[in-house]
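Undergrad: Following this message is one structure expressed as structure tokens.
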Amino acid sequence: MHDIRKIDVMEGVLDENDHIAEHVNRHMTEHGVLVVNEMGAPGAGKTTSLRNIVKHLDVKPYVIEGDIESDIDTQALNSIGIETHQINTYGSCHLDAPMIEHMTGHISFNEPGILFIENIGNLVCPAEFSIGEHVMMLISTVTEGSDKPYKYPLAFEKADIILLSKVDLIPYLDFDEEFFMKGVRALNKDVPVFKVSGKTGEGYEEVARWLQNKAKELGSGE
């Protein structure tokens, strides 16, 4: 019989990623740039939300678009004057800190502002990887159903702000808002939840104001 040996792994598999994420966070803080990690499922309205939030900002927006393939959203945002840079993972289901460190090293942050990082469309993997963010912004849409906090708890637990999107469609859907909010509050008692609509523009001014307040706190060292 072969001897069985037990090996204790003392270092977490994410330790190196977290170390680089801390470096990204410090680097962006020094530049006065608030980093927002935007997460949500495919079709939740992540890029639409960026477009609508930027309309109400009084600070400079920077954007990193994460996709498995293509640069469709990057082209669309650049075409309306929003400085946007592309990362393609070619199969990976999330962005990680080394990718963000590399990209931010090639961006000229010539004035304070907000860096939005649109993560890969996924409610699982992106929640597990810190990428240097100050704020994790989760987009959850009414078309996905009201059970998402129960099925994907980590994303909701880690969110600093939640946007419930496409609320203009609620009259046409079987969406139980009370059930949704009960799930959110069981995981994240104090997280602000904003109801938004890309079609009507509802709610995005309030989201922009919340983010700008966070950017001011960063600049003041609070």
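Identifiers in this document derive from the order of the structure tokens: chains are assigned A, B, ..., residues are numbered from 1 separately in each chain, and ligands are numbered from 1 in order of occurrence.
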Within 6 Å of region 180-187 of chain A, counting only C-alpha atoms, which residues show up once you throw out same-chain ones fewer than 4 positions away? Write them as JSON, numbers by chain, please.

TA: {"A": [146, 149, 157]}

Undergrad: Using only C-alpha atoms, find each residue of region 8-95 of chain A with at least one atom at most 9 Å away from an atom of region 100-113 of chain A; report its shortest atom-to-atom pair and that distance in Å (one decimal), sort the rows by chain and rising residue number, and return the result as CSV.

TA:
residue,atom,partner,partner_atom,distance
A:Ile20,CA,A:Glu101,CA,7.3
A:Ala21,CA,A:Glu101,CA,7.7
A:His23,CA,A:Glu101,CA,8.1
A:Val24,CA,A:Glu101,CA,5.9
A:Met28,CA,A:Thr104,CA,8.6
A:His31,CA,A:Pro112,CA,6.2
A:Gly32,CA,A:Pro112,CA,4.7
A:Val33,CA,A:Gly113,CA,4.8
A:Leu34,CA,A:Gly113,CA,6.4
A:Val35,CA,A:Gly113,CA,8.9
A:Asp58,CA,A:Gly113,CA,8.8
A:Val59,CA,A:Gly113,CA,5.1
A:Lys60,CA,A:Gly113,CA,4.6
A:Pro61,CA,A:Gly113,CA,5.7
A:Tyr62,CA,A:Gly113,CA,7.4
A:Ile64,CA,A:Met103,CA,8.2
A:His85,CA,A:Met103,CA,8.0
A:Gln86,CA,A:Met103,CA,8.6
A:Ile87,CA,A:Met103,CA,7.9
A:Leu95,CA,A:Ile100,CA,7.6

Undergrad: List the spatial neighbours of Val191 (chain A) as a ChimeraX atom specification - criterion: any atom at most 8 Å away, only C-alpha atoms, same-chain residues fewer than 6 positions off excluded.

TA: /A:159-162,185

Undergrad: Among region 36-206 of chain A, which ones does DSSP place in strand (DSSP E), written as a ChimeraX atom specification?

TA: /A:36-40,60-67,84-88,113-118,135-141,161-165,193-195

Undergrad: Determine, counting only C-alpha atoms, which protein, DNA and RNA residues have an atom within 8 Å of an atom of Gly145 (chain A); residues of the same chain fewer than 5 positions away are not included. Present the result as a list in words.

TA: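 The contact residues come out as Asp174, Phe175 and Asp176 of chain A.
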
Undergrad: Output C-alpha atoms for every residue in the selection just made, as a short mmCIF file (atom, residue, chain, number, x, y, z; two decimals), in the first residue's frame.

TA:
data_model
loop_
_atom_site.label_atom_id
_atom_site.label_comp_id
_atom_site.auth_asym_id
_atom_site.auth_seq_id
_atom_site.Cartn_x
_atom_site.Cartn_y
_atom_site.Cartn_z
CA ASP A 174 -44.27 38.12 -13.08
CA PHE A 175 -41.60 39.87 -10.99
CA ASP A 176 -42.02 39.75 -7.20
#

Undergrad: I want to know what sits within 12 Å of Leu173 (chain A), based on only C-alpha atoms, with residues of the same chain fewer than 3 positions away left out; could you give that as a PyMOL selection string?

TA: chain A and resi 141-146+166-170+176-177

Undergrad: Pull the closest atom pair for each residue of region 172-204 of chain A that gets at most 12 Å from region 208-212 of chain A, along with the distance in Å to one decimal, counting only C-alpha atoms, ordering rows by chain and then ascending residue number, as a tab-separated table.

TA:
residue	atom	partner	partner_atom	distance
A:Val191	CA	A:Trp210	CA	11.9
A:Pro192	CA	A:Trp210	CA	9.3
A:Val193	CA	A:Trp210	CA	11.0
A:Phe194	CA	A:Trp210	CA	10.1
A:Val196	CA	A:Ala208	CA	11.6
A:Gly201	CA	A:Ala208	CA	11.9
A:Glu202	CA	A:Ala208	CA	11.8
A:Gly203	CA	A:Ala208	CA	9.0
A:Tyr204	CA	A:Ala208	CA	6.1

Undergrad: Would you return as a list in words the members of region 62-119 of chain A that DSSP assigns to alpha helix (DSSP H) on this structure's backbone?

TA: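 Across region 62-119 of chain A, those assigned alpha helix (DSSP H) are Ile72, Asp73, Thr74, Gln75, Ala76, Leu77, Asn78, Ser79, Ala97, Pro98, Met99, Ile100, Glu101, His102, Met103 and Thr104 of chain A.
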
Undergrad: Please, could you write that set of residues out with N, CA and C atoms as a CSV table (one decimal), in the first residue's frame?

TA:
chain,number,residue,atom,x,y,z
A,72,ILE,N,-17.6,45.4,-29.5
A,72,ILE,CA,-18.8,46.1,-30.0
A,72,ILE,C,-19.1,47.2,-29.0
A,73,ASP,N,-19.1,46.9,-27.7
A,73,ASP,CA,-19.5,47.9,-26.7
A,73,ASP,C,-18.4,49.0,-26.6
A,74,THR,N,-17.2,48.7,-26.8
A,74,THR,CA,-16.1,49.7,-26.7
A,74,THR,C,-16.2,50.6,-27.9
A,75,GLN,N,-16.5,50.1,-29.1
A,75,GLN,CA,-16.7,51.0,-30.2
A,75,GLN,C,-17.9,51.9,-30.0
A,76,ALA,N,-18.9,51.4,-29.5
A,76,ALA,CA,-20.1,52.2,-29.3
A,76,ALA,C,-19.9,53.3,-28.3
A,77,LEU,N,-19.2,53.0,-27.2
A,77,LEU,CA,-18.9,54.0,-26.2
A,77,LEU,C,-17.9,55.1,-26.7
A,78,ASN,N,-16.8,54.6,-27.3
A,78,ASN,CA,-15.9,55.6,-27.9
A,78,ASN,C,-16.5,56.5,-28.9
A,79,SER,N,-17.5,56.0,-29.7
A,79,SER,CA,-18.2,56.8,-30.7
A,79,SER,C,-19.0,58.0,-30.1
A,97,ALA,N,-7.2,40.7,-11.5
A,97,ALA,CA,-6.4,41.8,-11.2
A,97,ALA,C,-5.2,42.0,-12.1
A,98,PRO,N,-4.4,41.0,-12.5
A,98,PRO,CA,-3.3,41.2,-13.5
A,98,PRO,C,-3.8,41.8,-14.8
A,99,MET,N,-4.9,41.5,-15.3
A,99,MET,CA,-5.5,42.1,-16.5
A,99,MET,C,-5.7,43.6,-16.3
A,100,ILE,N,-6.3,43.9,-15.2
A,100,ILE,CA,-6.6,45.3,-14.9
A,100,ILE,C,-5.3,46.1,-14.6
A,101,GLU,N,-4.3,45.5,-13.9
A,101,GLU,CA,-3.1,46.2,-13.7
A,101,GLU,C,-2.4,46.5,-15.0
A,102,HIS,N,-2.4,45.6,-15.9
A,102,HIS,CA,-1.8,45.8,-17.2
A,102,HIS,C,-2.5,46.9,-18.0
A,103,MET,N,-3.8,46.9,-18.0
A,103,MET,CA,-4.5,47.9,-18.8
A,103,MET,C,-4.4,49.3,-18.2
A,104,THR,N,-4.5,49.4,-16.9
A,104,THR,CA,-4.4,50.7,-16.2
A,104,THR,C,-3.0,51.3,-16.4

Undergrad: Hey, what's within 12 Å of Thr47 (chain A) if we count only C-alpha atoms and toss same-chain stuff fewer than 5 positions away? As an MDAnalysis selection string, please?

TA: chainID A and resid 38:42 52:54 63:67 72:77 82 84 116:121 139 165 198

Undergrad: With a distance cut-off of 8 Å and only C-alpha atoms, select the neighbouring residues of Asp18 (chain A), excluding the residue or stretch itself and same-chain residues fewer than 3 positions from it, and output the selection as a list in words.

TA: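 The contact residues come out as Leu14, Asp15, Ala21, Glu22, Ala97, Phe129, Ser130 and Ile131 of chain A.
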
Undergrad: Let me see the file: selected residues, C-alpha atoms, as an mmCIF file, in the first residue's frame.

TA:
data_model
loop_
_atom_site.group_PDB
_atom_site.id
_atom_site.type_symbol
_atom_site.label_atom_id
_atom_site.label_comp_id
_atom_site.auth_asym_id
_atom_site.auth_seq_id
_atom_site.Cartn_x
_atom_site.Cartn_y
_atom_site.Cartn_z
ATOM 1 C CA LEU A 14 -6.317 33.895 -4.877
ATOM 2 C CA ASP A 15 -3.570 35.467 -2.760
ATOM 3 C CA ALA A 21 -5.628 44.059 -6.730
ATOM 4 C CA GLU A 22 -4.371 45.973 -3.692
ATOM 5 C CA ALA A 97 -6.371 41.848 -11.195
ATOM 6 C CA PHE A 129 -12.084 37.915 -7.976
ATOM 7 C CA SER A 130 -11.113 41.327 -6.639
ATOM 8 C CA ILE A 131 -9.762 43.566 -9.408
#

Undergrad: Let me make sure I understand: among A:Met137, A:Leu163, A:Pro153, A:Ala215, which one has the smallest atom-to-atom distance to Val124 (chain A) if we use only C-alpha atoms?

TA: A:Pro153

Undergrad: Between A:Asn17, A:Asn37, A:Asn122, A:Thr29, which residue has the minimum interatomic distance to Ile68 (chain A), considering only C-alpha atoms?

TA: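 Using only C-alpha atoms, Ile68 (chain A) sits closest to A:Asn122.
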